[in-house]
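For reference, upload.csv is printed below; it contains CSV, C-alpha atoms.
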```csv
chain,number,residue,atom,x,y,z
A,1,MET,CA,-21.1,11.0,26.3
A,2,ASN,CA,-19.4,7.7,25.5
A,3,ASN,CA,-18.1,6.6,22.2
A,4,SER,CA,-21.1,4.4,21.4
A,5,ASP,CA,-23.5,7.3,22.0
A,6,LEU,CA,-21.4,9.6,19.8
A,7,ALA,CA,-21.2,7.0,17.1
A,8,GLN,CA,-24.9,6.6,17.0
A,9,ILE,CA,-25.4,10.4,16.6
A,10,LEU,CA,-22.8,10.6,13.9
A,11,ILE,CA,-24.2,7.5,12.1
A,12,ARG,CA,-27.7,9.0,12.2
A,13,ALA,CA,-26.4,12.2,10.6
A,14,VAL,CA,-24.9,10.2,7.7
A,15,GLN,CA,-28.2,8.3,7.2
A,16,GLU,CA,-30.3,11.4,7.3
A,17,ALA,CA,-28.1,13.6,5.1
A,18,ASP,CA,-30.4,15.2,2.5
A,19,SER,CA,-27.8,16.6,0.1
A,20,SER,CA,-24.4,15.7,-1.3
A,21,GLU,CA,-22.7,18.4,0.7
A,22,ARG,CA,-24.3,17.4,4.0
A,23,LEU,CA,-23.4,13.7,3.3
A,24,VAL,CA,-19.7,14.6,2.8
A,25,ASP,CA,-19.7,16.7,6.0
A,26,ALA,CA,-21.4,13.9,8.0
A,27,VAL,CA,-19.1,11.2,6.7
A,28,GLN,CA,-16.1,13.4,7.4
A,29,GLU,CA,-17.2,13.9,11.0
A,30,LEU,CA,-17.9,10.2,11.4
A,31,ALA,CA,-14.5,9.3,10.0
A,32,ALA,CA,-12.7,11.8,12.2
A,33,ALA,CA,-14.2,10.2,15.3
A,34,GLY,CA,-12.3,7.0,14.7
A,35,ILE,CA,-14.8,4.8,16.4
A,36,GLU,CA,-14.8,1.1,15.5
A,37,GLU,CA,-18.6,1.0,15.7
A,38,SER,CA,-18.8,3.3,12.7
A,39,VAL,CA,-17.0,0.8,10.3
A,40,PRO,CA,-20.2,-0.6,8.6
A,41,THR,CA,-21.5,2.9,8.0
A,42,LEU,CA,-18.2,4.0,6.6
A,43,ILE,CA,-18.1,1.0,4.3
A,44,ALA,CA,-21.6,1.7,3.1
A,45,ALA,CA,-20.5,5.3,2.3
A,46,LEU,CA,-18.0,3.8,-0.3
A,47,GLY,CA,-20.9,2.9,-2.5
A,48,TYR,CA,-22.9,6.2,-2.3
A,49,ASN,CA,-21.6,7.5,-5.7
A,50,ASN,CA,-20.2,10.5,-3.8
A,51,PRO,CA,-16.4,10.8,-4.2
A,52,GLY,CA,-16.0,13.2,-1.4
A,53,ALA,CA,-17.8,10.9,1.0
A,54,ALA,CA,-15.8,7.9,-0.3
A,55,VAL,CA,-12.5,9.7,0.3
A,56,ALA,CA,-13.5,10.6,3.8
A,57,ALA,CA,-14.7,7.1,4.5
A,58,VAL,CA,-11.4,5.6,3.2
A,59,ASP,CA,-9.4,7.9,5.4
A,60,GLY,CA,-11.6,6.9,8.4
A,61,LEU,CA,-11.2,3.2,7.7
A,62,ILE,CA,-7.5,3.5,7.4
A,63,ALA,CA,-7.3,5.4,10.7
A,64,ILE,CA,-9.3,2.7,12.4
A,65,GLY,CA,-6.9,0.2,11.0
A,66,GLU,CA,-6.9,-3.6,11.7
A,67,ALA,CA,-10.4,-3.6,13.2
A,68,ALA,CA,-11.8,-2.5,9.8
A,69,VAL,CA,-10.2,-5.3,7.8
A,70,SER,CA,-12.6,-8.2,8.4
A,71,PRO,CA,-15.7,-6.1,7.8
A,72,LEU,CA,-14.1,-4.7,4.6
A,73,LEU,CA,-13.4,-8.2,3.3
A,74,GLU,CA,-16.9,-9.3,4.2
A,75,LEU,CA,-18.8,-6.3,2.9
A,76,ILE,CA,-16.9,-5.6,-0.4
A,77,ASP,CA,-19.6,-5.0,-3.0
A,78,ASP,CA,-19.0,-7.4,-5.9
A,79,TYR,CA,-21.6,-5.5,-8.1
A,80,ASN,CA,-20.5,-1.9,-7.5
A,81,TYR,CA,-17.0,-1.6,-9.0
A,82,GLY,CA,-16.6,1.9,-7.7
A,83,ALA,CA,-17.3,0.8,-4.1
A,84,ARG,CA,-15.0,-2.2,-4.6
A,85,ALA,CA,-12.2,0.1,-5.7
A,86,TRP,CA,-12.6,2.4,-2.7
A,87,ALA,CA,-12.7,-0.7,-0.4
A,88,LEU,CA,-9.4,-1.9,-1.9
A,89,ARG,CA,-7.9,1.5,-1.4
A,90,ALA,CA,-8.8,1.3,2.3
A,91,LEU,CA,-7.3,-2.2,2.5
A,92,ALA,CA,-4.2,-1.0,0.8
A,93,GLY,CA,-3.9,1.9,3.2
A,94,ILE,CA,-4.2,-0.5,6.2
A,95,GLY,CA,-1.7,-3.0,4.7
A,96,ASP,CA,-3.0,-6.0,6.6
A,97,VAL,CA,-1.9,-9.3,5.1
A,98,ARG,CA,-5.4,-10.7,5.6
A,99,ALA,CA,-6.3,-8.9,2.5
A,100,LEU,CA,-3.6,-10.6,0.4
A,101,ASP,CA,-5.8,-13.1,-1.4
A,102,THR,CA,-8.4,-10.4,-2.2
A,103,LEU,CA,-5.7,-8.0,-3.5
A,104,LEU,CA,-4.1,-10.7,-5.6
A,105,GLU,CA,-7.3,-11.8,-7.3
A,106,ALA,CA,-8.5,-8.3,-7.9
A,107,ALA,CA,-5.2,-7.1,-9.3
A,108,LYS,CA,-4.9,-9.9,-11.8
A,109,THR,CA,-8.5,-10.5,-12.9
A,110,ASP,CA,-10.9,-7.7,-12.1
A,111,PHE,CA,-12.5,-6.1,-15.1
A,112,SER,CA,-12.3,-2.5,-13.6
A,113,LEU,CA,-9.0,-0.7,-14.1
A,114,SER,CA,-9.7,1.3,-10.9
A,115,VAL,CA,-10.0,-1.9,-8.9
A,116,ARG,CA,-6.9,-3.4,-10.5
A,117,ARG,CA,-5.0,-0.2,-9.8
A,118,ALA,CA,-6.0,-0.1,-6.1
A,119,ALA,CA,-5.2,-3.7,-5.7
A,120,ALA,CA,-1.8,-3.4,-7.4
A,121,ARG,CA,-0.9,-0.5,-5.1
A,122,GLY,CA,-2.1,-2.6,-2.1
A,123,LEU,CA,0.4,-5.3,-2.9
A,124,GLY,CA,3.2,-2.9,-2.2
A,125,THR,CA,1.9,-1.8,1.3
A,126,LEU,CA,1.6,-5.2,3.0
A,127,ARG,CA,3.0,-5.4,6.5
A,128,TRP,CA,5.4,-8.2,6.2
A,129,HIS,CA,5.9,-8.6,10.0
A,130,GLN,CA,2.4,-10.0,10.1
A,131,VAL,CA,3.4,-13.0,8.0
A,132,PRO,CA,4.7,-16.0,10.0
A,133,PRO,CA,8.5,-16.2,9.5
A,134,GLU,CA,8.3,-19.6,7.9
A,135,LYS,CA,5.9,-18.3,5.2
A,136,VAL,CA,7.5,-14.9,4.3
A,137,GLU,CA,9.6,-16.2,1.4
A,138,SER,CA,6.7,-18.1,-0.2
A,139,VAL,CA,4.3,-15.2,0.2
A,140,GLN,CA,6.8,-12.6,-1.1
A,141,THR,CA,7.4,-14.9,-4.1
A,142,GLU,CA,3.7,-15.1,-4.8
A,143,VAL,CA,3.4,-11.3,-4.7
A,144,LEU,CA,6.5,-10.9,-6.9
A,145,GLU,CA,5.0,-13.2,-9.6
A,146,ALA,CA,1.7,-11.3,-9.5
A,147,LEU,CA,3.4,-7.9,-9.8
A,148,LEU,CA,5.5,-9.0,-12.7
A,149,LEU,CA,2.3,-10.1,-14.4
A,150,ILE,CA,0.4,-6.9,-13.5
A,151,SER,CA,3.2,-4.8,-14.8
A,152,GLN,CA,2.1,-5.9,-18.3
A,153,ASP,CA,-1.5,-4.7,-17.8
A,154,PRO,CA,-2.9,-2.9,-20.8
A,155,GLU,CA,-3.9,0.1,-18.7
A,156,TRP,CA,-1.1,2.5,-17.8
A,157,VAL,CA,-2.5,3.4,-14.4
A,158,VAL,CA,-2.3,-0.2,-13.4
A,159,ARG,CA,1.2,-0.6,-14.7
A,160,TYR,CA,2.2,2.6,-12.8
A,161,ALA,CA,0.8,1.1,-9.6
A,162,ALA,CA,2.7,-2.1,-10.2
A,163,VAL,CA,5.9,-0.2,-10.5
A,164,THR,CA,5.4,1.5,-7.1
A,165,SER,CA,4.8,-1.9,-5.5
A,166,LEU,CA,7.7,-3.5,-7.2
A,167,GLU,CA,9.9,-0.8,-5.7
A,168,THR,CA,8.8,-1.5,-2.2
A,169,LEU,CA,8.9,-5.2,-2.7
A,170,ALA,CA,12.5,-5.0,-4.0
A,171,ILE,CA,13.5,-3.3,-0.7
A,172,ALA,CA,11.5,-5.8,1.4
A,173,ILE,CA,13.1,-8.9,-0.3
A,174,ALA,CA,16.7,-7.5,-0.2
A,175,VAL,CA,17.3,-9.8,2.9
A,176,THR,CA,14.7,-12.6,2.5
A,177,LEU,CA,15.0,-13.2,-1.3
A,178,PRO,CA,18.1,-11.4,-2.5
A,179,ASP,CA,18.4,-13.8,-5.5
A,180,GLN,CA,15.0,-12.6,-6.8
A,181,ALA,CA,15.9,-8.9,-6.7
A,182,SER,CA,17.3,-8.9,-10.2
A,183,ARG,CA,13.9,-10.0,-11.6
A,184,ILE,CA,12.5,-6.7,-10.3
A,185,THR,CA,15.3,-4.5,-11.6
A,186,ASN,CA,15.2,-6.3,-15.0
A,187,GLN,CA,11.4,-5.7,-15.2
A,188,LEU,CA,11.8,-2.1,-14.3
A,189,GLN,CA,14.5,-1.7,-16.9
A,190,GLN,CA,12.3,-3.3,-19.6
A,191,MET,CA,9.5,-1.0,-18.7
A,192,LEU,CA,11.8,2.0,-18.8
A,193,ASP,CA,13.0,0.9,-22.3
A,194,THR,CA,9.7,-0.1,-23.9
A,195,ASP,CA,6.6,1.1,-22.0
A,196,ALA,CA,4.4,3.3,-24.2
A,197,ASP,CA,3.5,5.7,-21.4
A,198,LEU,CA,5.9,8.5,-20.3
A,199,GLY,CA,4.5,8.5,-16.8
A,200,VAL,CA,5.2,4.8,-16.4
A,201,ARG,CA,8.7,5.1,-17.8
A,202,THR,CA,9.5,8.0,-15.4
A,203,ARG,CA,8.2,6.1,-12.4
A,204,ALA,CA,10.2,3.0,-13.4
A,205,LYS,CA,13.3,5.2,-13.5
A,206,PHE,CA,12.6,6.6,-10.1
A,207,ALA,CA,12.0,3.1,-8.7
A,208,GLU,CA,15.4,2.0,-10.1
A,209,GLN,CA,17.1,4.9,-8.4
A,210,LYS,CA,15.4,4.2,-5.0
A,211,ILE,CA,16.4,0.6,-5.2
A,212,GLN,CA,20.0,1.5,-6.1
A,213,GLN,CA,20.1,3.9,-3.2
A,214,GLN,CA,18.9,1.2,-0.8
A,215,GLN,CA,21.4,-1.3,-2.1
A,216,HIS,CA,24.2,1.3,-1.7
A,217,GLN,CA,23.2,2.0,1.9
A,218,GLU,CA,23.2,-1.8,2.7
A,219,VAL,CA,26.6,-2.2,1.2
A,220,PHE,CA,28.2,0.6,3.1
A,221,ALA,CA,26.3,0.4,6.4
A,222,PRO,CA,28.5,-2.4,7.8
A,223,LYS,CA,31.6,-0.4,6.9
A,224,ARG,CA,30.3,2.7,8.7
A,225,LYS,CA,29.3,0.6,11.7
A,226,LEU,CA,32.8,-0.9,11.8
A,227,GLN,CA,34.4,2.5,11.5
A,228,ASP,CA,32.2,3.8,14.3
A,229,THR,CA,33.4,1.0,16.6
A,230,GLU,CA,37.1,1.7,15.8
A,231,VAL,CA,37.1,5.4,16.7
A,232,GLU,CA,40.0,5.9,19.0
A,233,VAL,CA,39.1,7.4,22.4
A,234,PRO,CA,41.4,10.3,23.2
A,235,HIS,CA,43.4,10.2,26.4
A,236,ARG,CA,42.4,12.4,29.3
A,237,GLY,CA,43.5,15.9,28.5
A,238,GLY,CA,44.1,15.0,24.9
A,239,GLY,CA,40.9,16.3,23.4
A,240,ARG,CA,40.7,18.5,20.3
A,241,ARG,CA,41.9,22.1,20.6
```

Rewritten as structure tokens:
Amino acid sequence: MNNSDLAQILIRAVQEADSSERLVDAVQELAAAGIEESVPTLIAALGYNNPGAAVAAVDGLIAIGEAAVSPLLELIDDYNYGARAWALRALAGIGDVRALDTLLEAAKTDFSLSVRRAAARGLGTLRWHQVPPEKVESVQTEVLEALLLISQDPEWVVRYAAVTSLETLAIAIAVTLPDQASRITNQLQQMLDTDADLGVRTRAKFAEQKIQQQQHQEVFAPKRKLQDTEVEVPHRGGGRR
């Protein structure tokens, strides 16, 4: 049996599932197969109002990867905020920069907090190597501006997601935009000092620590490399006793 035949059998099982439990099982089997042909059915499962099926579909779409990006962008349901949030979770998990505009718009303007949260998290998982070198700085600056805005969202879960993305962005821009790094650390410190939610403050503190650890490694890595190259090679017969 080839992949196409298997996909049709698994897709039919999803379509014919007559209970919530069977639907979850069918979507899980379809997702586990990892067949590109199943992408539209997995996307449809995001809108079935069945969290178990949606989680399985998201996992399957992420596993399929880049081939799922265009269909996800084309088939995002503008009227079903639950399905939209799941779709953005899948895009965030894939990290493809083709989703950038969608993520930016959703994170800044969507009325649903679950959608804004998923989009904010996705801004921290982008694969920067996909961006043309001459555009990296401008795109990273755009993402930075968006995250600084999103970190002031009225919903704590969105601010929490923004913190996680600010952490990963700070590490990414350490080389490309080192002069902008202080804007991230200043924002994290402000959130640590003033945010009303303990979870957000705790996550901001953790992000600060991770960024500091990364900076420490970058400062001392050249010294370690230099020391490694200066190790004296013992003369023959002069090894350690």

Computed interatomic separation between atom CA of A:Ala119 and atom CA of A:Val39 (Å): 20.4 Å

Computed interatomic separation between atom CA of A:Pro178 and atom CA of A:Leu100 (Å):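 These two atoms are separated by 21.9 Å.
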
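Minimum atom-to-atom distances from A:Asp25, A:Asp153, A:Asp193, A:Glu36 to A:Val55 were compared using all atoms listed in the file, and the lowest value belongs to A:Asp25.
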
So that I can see what lies close to stretch 48-54 of chain A, please list as a ChimeraX atom specification the residues with an atom at most 12 Å from it, counting all atoms listed in the file and leaving out residues fewer than 5 positions away in the same chain. /A:14-15,17,19-31,41-43,59-61,77,80-90

Using only C-alpha atoms, which protein or nucleic acid residues come within 9 Å of A:Pro40? Drop anything in the same chain fewer than 5 positions from it, and give the result as a list in words.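 Once the adjacent positions are removed, what remains is Ala45, Ala68, Pro71, Leu72 and Leu75 of chain A.
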
What is the distance between atom CA of A:Ala57 and atom CA of A:Ile94, in Å to one decimal? 13.1 Å

Contacts of stretch 91-158 of chain A with stretch 195-214 of chain A up to 10 Å, shortest pair per row, all atoms listed in the file, as a Markdown table:
```
| residue | atom | partner | partner_atom | distance |
| --- | --- | --- | --- | --- |
| A:Ser151 | CA | A:Asp195 | CA | 9.9 |
| A:Gln152 | CA | A:Asp195 | CA | 9.1 |
| A:Glu155 | CA | A:Asp197 | CA | 9.7 |
| A:Trp156 | CA | A:Asp197 | CA | 6.7 |
| A:Val157 | CA | A:Val200 | CA | 8.1 |
| A:Val158 | CA | A:Val200 | CA | 9.5 |
```

Proximity to A:Arg183 - best of A:Ile171, A:Arg159, A:Leu148, A:Ala44, all atoms listed in the file: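 So, comparing all the options, the nearest one is A:Leu148.
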
Hey, which of A:Leu10, A:Val97, A:Asp179, A:Ile184 ends up closest to A:Glu145? Count only C-alpha atoms.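 Among the listed residues, the smallest separation from A:Glu145 belongs to A:Ile184.
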
Would you mind telling me which residue in A:Thr109, A:Gln140, A:Gln189, A:Thr102 lies nearest to A:Thr168 when using all atoms listed in the file?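 Smallest separation from A:Thr168 among the options: A:Gln140.
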
Shell of 12 Å around A:His129, all atoms listed in the file, local chain residues under 5 positions omitted, as a list in words: Gly95, Asp96, Val97, Glu134, Lys135, Val136, Val139, Gln140 and Ala172 of chain A

Find the residue from A:Gln130, A:Gln187, A:Gln180, A:Thr125 that sits nearest to A:Leu149; use only C-alpha atoms when measuring. A:Gln187

Neighbours of A:Ala162 within 7 Å (all atoms listed in the file; same-chain residues fewer than 5 positions away dropped), as an MDAnalysis selection string? chainID A and resid 120:121 147 150:151
